[in-house]
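K.L.:
Dumping the structure here so I can ask a few things about it.
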Amino acid sequence: MIPLNENLVRNFTYIENLAVLEHDFHKNKIPAEDPFDPEQFKSTADLVNSLLKNHLANTKTRGLKLTDPTILLEKAMKLMGSESSTVAKFDAKKLESILELYMSTGIPVQSTGYMGRQFSSPLPLSGITDFVSSIINQPSSFYEAAQLPNVVEQIVADKFYNLIGWNNHDPAMVTTSGGSLANMTAILAARNNAFPEIWKKGVMGIDKNLLPAIAVSEDVHYSITRAVGILGIGEDQVIKLPTNKKKQICINQVETVLDEAAAKGLKVFCLVASAGSTSIGAIDPINELGDITRKRNIWLHVDGAHGGGFLMSNKLKHKLNGIHKVDSFIIDAHKMLFVPGTCTLLFYKDKQKAKGAFQQKASYVFEKNEDIYTKYDSAEKNFECTKRPMIMNLWVPWAMYGKSVYSNKLEYLYQLTQKAYRTILIQKDFIAHHQPESNIFCFSYIPENLPKILNFDFQLAIRNVLKEEGKFFISKVEIDGNTVLRVVFMNHNIKIEKFEQLLDEIRNIGQKIIKNWTKNN
Ligand SMILES: *Cc1c(COP(=O)(O)O)cnc(C)c1O
C-alpha cells in the first residue's frame, strides 16, 4: 500500500481547483472566426496568393533601398494589436499591410537589377511546396513522421549517385539545413573516421604528438573554419593551401604543404576543396586532389554549396571532373537549384562512414533493429532532430518539369556570365579579375582619369552609391586586399543589355565621385 505522501495531498488540492478550471474552460469560448478554421485558412491563402502574384510580376529594375531600422521597428510595433484575453478578429486589411511591409523591404530577388547574392527568386512551385509543407507539417528525420519525403530523399539520392558516378559504391545522402551545417557534419564524420576514440573520450583521447589537422584552400568559406573550431580541432591546426591566380588550390604545392604539416606532428585527416568558391566561384582541381588524398589516406570533402548543382547539367558537369573520387560533398539547393532557403544535400561515398558522424556504436544498434520503415530514417546521419522536409522543394518541380527546369536555367546563367566577361574585356575603362568558372564574376572600374592616390576605396564607394540610387544591387568582395565589384547572376530574366546598363550606371557614378573628390582636394 502506498502511504499518503505530500505529493498526493497536493494532488487532491489540485483536483479541488479543477472545478474552477472547468468553469473557466466553458467561459473561454472559441471566437466566431477561428484562426484554425479551414475556411478562414482558404480566404487568407487566397488573399496572400494575389499579393504574391503581384509581387512576382513586379520585375522592374531596382536595387535595394535600406529602411532605417528604427523607422521599420516603429512601423512593425504599430502593427501589433493591444493584448487582450480574447482572440482578435481577423483583419484582412491589416494582414495586407503586414505582408506588404514584409515584401517591400526585402531584397528584390525577382528584379532584373538584382545581381548581388547567391540566393534567387525561387522556382514558384518550389515555394508552393514549402508552403504545403508548412501547413501539413511533417518533420522528416523519421520515416514515421514524413513518409513521402523520406522515400523521395532516396529517389533524389539515387539520381545524384548516377550523376556522380557512384553506381559501384554504397553511398549515402542526407539533407540538412544549410551548407554550414552540412560542411560541419561531413568534417565531423571525417574526424571520427580518423580518430575513432574521440567521440567517447573527447579531445583528451588524442595522442598529443599527432594532433588532428585539416587542410583547406586559402579562399575557403568561413563555415569550414568555424566547424573546425566547434569540433575542437583549433585554428592553429588549419593548414592553408596556397591558391593560383584563378583562386584554385595550387595542385603542385599541395604535397609539399602536407609534408610540412606531417613534419610538425600534425595528422591531416581531411582536405576541403571548393566547387564554386563564394568569393569568385573558383572550382578547385577535384580530380587531382582526389588522387593525392587517396594516396595519403586523407578524407576529401568538396564544398559544392555554390557550384555542386552543375551536376544537373550535361553541359556543365565536367566542371566537377573527379567528383566520384571524393569522400563527401555538399550542394546547396537553395543557391543554384533555385529552391527557397534552406535545402542542402550532403553526400558520402561510403554509407558506413556517414553513420560515423554521430556516435558510431549507437548506429550499430540502430542497424540491428532496422525494419522496413526505420531503414528510411535519417536521424542517425543528421544533426537535427526536427527537420524540415526540404527535399520536397527540390523534388516536386523535378517530378513536374523534369531535370531540365534546373539545367536550362543553370546553363543560361553560365552563358550570361561568360558574355558579361567578354563584354568587360572590350571596355577600356573596366578590368576583369578572372574568367568566370560559374555565375560569379568580379571586375573593377578603372577609368583613365582615376586619381592615382585616393583616400577612400573607389570600388566600394561605387557599390554603395549604386545601391542607394536604387537601380541595381551588386556585391563586392576583397581579392588580394583590394575591394572589387562582384555580380552573381541568379535571375534568368537578365539579358546582357541589362549588364551593359549596369556598366553605364557605374561609369556615371564613378565619374561623379571623381569629380567631387577632385573639387575638394
Ligand atoms: C553559401 C556557402 C556556404 C554556406 O552555406 P549556407 O547554406 O549559407 O549555410 C558554404 N560554402 C560555400 C562555398 C558557400 O557558397
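Chain labels run A, B, ... following the order of the C-alpha cells; each chain numbers its residues from 1, and ligands are numbered from 1 in the order shown.
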Could the residues of chain A that have an atom at most 10 Å from ligand 1 be listed as JSON lines, each with its closest atom pair and the distance in Å to one decimal, counting only C-alpha atoms and all ligand atoms and ordered by chain and ascending residue number?
P.N.:
{"residue": "A:Arg117", "atom": "CA", "partner": "ligand 1", "partner_atom_place_in_ligand_line": "1 (C)", "distance": 9.6}
{"residue": "A:Gln118", "atom": "CA", "partner": "ligand 1", "partner_atom_place_in_ligand_line": "1 (C)", "distance": 7.2}
{"residue": "A:Phe119", "atom": "CA", "partner": "ligand 1", "partner_atom_place_in_ligand_line": "1 (C)", "distance": 8.8}
{"residue": "A:Thr176", "atom": "CA", "partner": "ligand 1", "partner_atom_place_in_ligand_line": "7 (O)", "distance": 9.2}
{"residue": "A:Ser177", "atom": "CA", "partner": "ligand 1", "partner_atom_place_in_ligand_line": "7 (O)", "distance": 7.2}
{"residue": "A:Gly178", "atom": "CA", "partner": "ligand 1", "partner_atom_place_in_ligand_line": "7 (O)", "distance": 3.5}
{"residue": "A:Gly179", "atom": "CA", "partner": "ligand 1", "partner_atom_place_in_ligand_line": "5 (O)", "distance": 3.4}
{"residue": "A:Ser180", "atom": "CA", "partner": "ligand 1", "partner_atom_place_in_ligand_line": "9 (O)", "distance": 3.7}
{"residue": "A:Leu181", "atom": "CA", "partner": "ligand 1", "partner_atom_place_in_ligand_line": "9 (O)", "distance": 6.3}
{"residue": "A:Ala182", "atom": "CA", "partner": "ligand 1", "partner_atom_place_in_ligand_line": "9 (O)", "distance": 7.8}
{"residue": "A:Asn183", "atom": "CA", "partner": "ligand 1", "partner_atom_place_in_ligand_line": "10 (C)", "distance": 7.2}
{"residue": "A:Met184", "atom": "CA", "partner": "ligand 1", "partner_atom_place_in_ligand_line": "9 (O)", "distance": 10.0}
{"residue": "A:Asp219", "atom": "CA", "partner": "ligand 1", "partner_atom_place_in_ligand_line": "13 (C)", "distance": 9.3}
{"residue": "A:Val220", "atom": "CA", "partner": "ligand 1", "partner_atom_place_in_ligand_line": "13 (C)", "distance": 7.1}
{"residue": "A:His221", "atom": "CA", "partner": "ligand 1", "partner_atom_place_in_ligand_line": "11 (N)", "distance": 4.9}
{"residue": "A:Tyr222", "atom": "CA", "partner": "ligand 1", "partner_atom_place_in_ligand_line": "10 (C)", "distance": 7.3}
{"residue": "A:Ser223", "atom": "CA", "partner": "ligand 1", "partner_atom_place_in_ligand_line": "10 (C)", "distance": 5.9}
{"residue": "A:Ile224", "atom": "CA", "partner": "ligand 1", "partner_atom_place_in_ligand_line": "10 (C)", "distance": 7.5}
{"residue": "A:Ala273", "atom": "CA", "partner": "ligand 1", "partner_atom_place_in_ligand_line": "13 (C)", "distance": 9.2}
{"residue": "A:Ser274", "atom": "CA", "partner": "ligand 1", "partner_atom_place_in_ligand_line": "13 (C)", "distance": 6.1}
{"residue": "A:Ala275", "atom": "CA", "partner": "ligand 1", "partner_atom_place_in_ligand_line": "13 (C)", "distance": 7.0}
{"residue": "A:Gly276", "atom": "CA", "partner": "ligand 1", "partner_atom_place_in_ligand_line": "13 (C)", "distance": 5.9}
{"residue": "A:Ser277", "atom": "CA", "partner": "ligand 1", "partner_atom_place_in_ligand_line": "13 (C)", "distance": 4.7}
{"residue": "A:Thr278", "atom": "CA", "partner": "ligand 1", "partner_atom_place_in_ligand_line": "15 (O)", "distance": 4.2}
{"residue": "A:Ser279", "atom": "CA", "partner": "ligand 1", "partner_atom_place_in_ligand_line": "15 (O)", "distance": 8.0}
{"residue": "A:Ile280", "atom": "CA", "partner": "ligand 1", "partner_atom_place_in_ligand_line": "15 (O)", "distance": 9.7}
{"residue": "A:Gly281", "atom": "CA", "partner": "ligand 1", "partner_atom_place_in_ligand_line": "13 (C)", "distance": 8.0}
{"residue": "A:Ala282", "atom": "CA", "partner": "ligand 1", "partner_atom_place_in_ligand_line": "13 (C)", "distance": 9.4}
{"residue": "A:Ile283", "atom": "CA", "partner": "ligand 1", "partner_atom_place_in_ligand_line": "13 (C)", "distance": 9.8}
{"residue": "A:Val302", "atom": "CA", "partner": "ligand 1", "partner_atom_place_in_ligand_line": "13 (C)", "distance": 9.2}
{"residue": "A:Asp303", "atom": "CA", "partner": "ligand 1", "partner_atom_place_in_ligand_line": "13 (C)", "distance": 5.7}
{"residue": "A:Gly304", "atom": "CA", "partner": "ligand 1", "partner_atom_place_in_ligand_line": "13 (C)", "distance": 6.1}
{"residue": "A:Ala305", "atom": "CA", "partner": "ligand 1", "partner_atom_place_in_ligand_line": "12 (C)", "distance": 4.7}
{"residue": "A:His306", "atom": "CA", "partner": "ligand 1", "partner_atom_place_in_ligand_line": "15 (O)", "distance": 4.6}
{"residue": "A:Gly307", "atom": "CA", "partner": "ligand 1", "partner_atom_place_in_ligand_line": "13 (C)", "distance": 7.9}
{"residue": "A:Gly308", "atom": "CA", "partner": "ligand 1", "partner_atom_place_in_ligand_line": "13 (C)", "distance": 9.4}
{"residue": "A:Ile330", "atom": "CA", "partner": "ligand 1", "partner_atom_place_in_ligand_line": "11 (N)", "distance": 8.7}
{"residue": "A:Ile331", "atom": "CA", "partner": "ligand 1", "partner_atom_place_in_ligand_line": "7 (O)", "distance": 8.7}
{"residue": "A:Asp332", "atom": "CA", "partner": "ligand 1", "partner_atom_place_in_ligand_line": "7 (O)", "distance": 5.8}
{"residue": "A:Ala333", "atom": "CA", "partner": "ligand 1", "partner_atom_place_in_ligand_line": "7 (O)", "distance": 8.6}
{"residue": "A:His334", "atom": "CA", "partner": "ligand 1", "partner_atom_place_in_ligand_line": "7 (O)", "distance": 7.3}
{"residue": "A:Lys335", "atom": "CA", "partner": "ligand 1", "partner_atom_place_in_ligand_line": "1 (C)", "distance": 7.5}
{"residue": "A:Met336", "atom": "CA", "partner": "ligand 1", "partner_atom_place_in_ligand_line": "15 (O)", "distance": 9.9}
{"residue": "A:Gly341", "atom": "CA", "partner": "ligand 1", "partner_atom_place_in_ligand_line": "7 (O)", "distance": 7.7}
{"residue": "A:Thr342", "atom": "CA", "partner": "ligand 1", "partner_atom_place_in_ligand_line": "7 (O)", "distance": 6.5}
{"residue": "A:Cys343", "atom": "CA", "partner": "ligand 1", "partner_atom_place_in_ligand_line": "7 (O)", "distance": 7.6}
{"residue": "A:Thr344", "atom": "CA", "partner": "ligand 1", "partner_atom_place_in_ligand_line": "7 (O)", "distance": 6.8}
K.L.:
Write out as number ranges by chain each polymer residue whose atoms come within 12 Å of A:Arg62, counting only C-alpha atoms; drop sequence neighbours fewer than 6 positions from it.
P.N.:
A: 104, 106-116, 466-474, 498, 502
K.L.:
For the structure I just gave you, how does DSSP split stretch 299-333 of chain A - specifically, which residues are strand (DSSP E or B)? Reply as a PyMOL selection string.
P.N.:
chain A and resi 299-304+328-332
K.L.:
With N, CA and C atoms kept, could you save the residues just selected as a PDB file, in the first residue's frame?
P.N.:
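Heads up, here's the output in again20.pdb:
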ATOM      1  N   TRP A 299      40.724  12.186 -45.991  1.00  0.00           N
ATOM      2  CA  TRP A 299      39.321  12.357 -46.409  1.00  0.00           C
ATOM      3  C   TRP A 299      39.220  13.598 -47.286  1.00  0.00           C
ATOM      4  N   LEU A 300      38.650  13.467 -48.478  1.00  0.00           N
ATOM      5  CA  LEU A 300      38.462  14.643 -49.338  1.00  0.00           C
ATOM      6  C   LEU A 300      37.006  15.096 -49.269  1.00  0.00           C
ATOM      7  N   HIS A 301      36.824  16.320 -48.786  1.00  0.00           N
ATOM      8  CA  HIS A 301      35.475  16.897 -48.744  1.00  0.00           C
ATOM      9  C   HIS A 301      35.409  18.056 -49.736  1.00  0.00           C
ATOM     10  N   VAL A 302      34.395  18.052 -50.567  1.00  0.00           N
ATOM     11  CA  VAL A 302      34.227  19.156 -51.505  1.00  0.00           C
ATOM     12  C   VAL A 302      33.014  19.994 -51.109  1.00  0.00           C
ATOM     13  N   ASP A 303      33.282  21.265 -50.850  1.00  0.00           N
ATOM     14  CA  ASP A 303      32.218  22.203 -50.528  1.00  0.00           C
ATOM     15  C   ASP A 303      31.636  22.714 -51.845  1.00  0.00           C
ATOM     16  N   GLY A 304      30.613  22.033 -52.298  1.00  0.00           N
ATOM     17  CA  GLY A 304      29.956  22.425 -53.553  1.00  0.00           C
ATOM     18  C   GLY A 304      28.680  23.203 -53.284  1.00  0.00           C
ATOM     19  N   SER A 328      33.172  13.005 -49.393  1.00  0.00           N
ATOM     20  CA  SER A 328      31.898  13.666 -49.108  1.00  0.00           C
ATOM     21  C   SER A 328      31.837  14.974 -49.891  1.00  0.00           C
ATOM     22  N   PHE A 329      30.636  15.395 -50.178  1.00  0.00           N
ATOM     23  CA  PHE A 329      30.480  16.737 -50.744  1.00  0.00           C
ATOM     24  C   PHE A 329      29.050  17.233 -50.574  1.00  0.00           C
ATOM     25  N   ILE A 330      28.902  18.526 -50.710  1.00  0.00           N
ATOM     26  CA  ILE A 330      27.580  19.123 -50.451  1.00  0.00           C
ATOM     27  C   ILE A 330      27.121  19.987 -51.628  1.00  0.00           C
ATOM     28  N   ILE A 331      25.806  20.105 -51.729  1.00  0.00           N
ATOM     29  CA  ILE A 331      25.188  21.033 -52.691  1.00  0.00           C
ATOM     30  C   ILE A 331      24.120  21.829 -51.937  1.00  0.00           C
ATOM     31  N   ASP A 332      24.173  23.137 -52.049  1.00  0.00           N
ATOM     32  CA  ASP A 332      23.084  23.966 -51.519  1.00  0.00           C
ATOM     33  C   ASP A 332      22.038  24.106 -52.618  1.00  0.00           C
TER      34      ASP A 332
END
K.L.:
Could you check which of A:Ser313, A:Ser126, A:Thr293, A:Gln435 is closest to A:Lys325, using only C-alpha atoms?
P.N.:
A:Thr293
K.L.:
Grab the atom CA of A:Val477 to atom CA of A:Tyr406 distance for me, in Å with one decimal place.
P.N.:
27.2 Å
K.L.:
To one decimal place, how far is atom CA of A:Ala186 from atom CA of A:Arg296 in Å?
P.N.:
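Calculated distance between atom CA of A:Ala186 and atom CA of A:Arg296 is 18.7 Å.
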K.L.:
Between atom CA of A:Asp170 and atom CA of A:Asp350, what is the spacing in Å?
P.N.:
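Here the two named atoms are 5.6 Å from each other.
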K.L.:
Find the residues around A:Leu289 up to 12 Å (only C-alpha atoms counted), leave out those fewer than 6 positions away in its own chain, and share them as an MDAnalysis selection string.
P.N.:
chainID A and resid 215:217 241 248:255 270:274 283 295:302 320:327
K.L.:
Restricting the calculation to only C-alpha atoms, which member of A:Lys201, A:Ser43, A:Ile426, A:Asn393 is positioned closest to A:Leu125?
P.N.:
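Of all the options, A:Asn393 lies closest to A:Leu125.
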K.L.:
Give me, as a ChimeraX atom specification, the residues of stretch 24-230 of chain A that a backbone DSSP run labels alpha helix (DSSP H).
P.N.:
/A:24-27,38-57,69-78,92-104,124-136,147-164,179-194,198-201,222-230
K.L.:
Mind checking which residues fall within 12 Å of stretch 417-419 of chain A, counting only C-alpha atoms, ignoring those fewer than 3 positions away in the same chain, and posting them as number ranges by chain?
P.N.:
A: 115, 280-281, 410-414, 422-426, 432, 434-443, 486-492, 494-500
K.L.:
Between A:Ile514, A:Ile431, A:Ile136, A:Met80, which is the closest to A:Phe458 once you count only C-alpha atoms?
P.N.:
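Looking only at the distances to A:Phe458, the closest residue turns out to be A:Ile514.
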K.L.:
May I ask which of the residues A:Phe90, A:Asn137, A:Asn287, A:Ala76 is the closest one to A:Phe41, counting only C-alpha atoms?
P.N.:
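Selected residue with least distance to A:Phe41: A:Phe90.
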K.L.:
Pick out the closest residue to A:Gln138 from this set: A:Asn192, A:Ser82, A:Ser120, A:Asn150. Count only C-alpha atoms.
P.N.:
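Between A:Asn192, A:Ser82, A:Ser120, A:Asn150, the residue approaching A:Gln138 most closely is A:Asn150.
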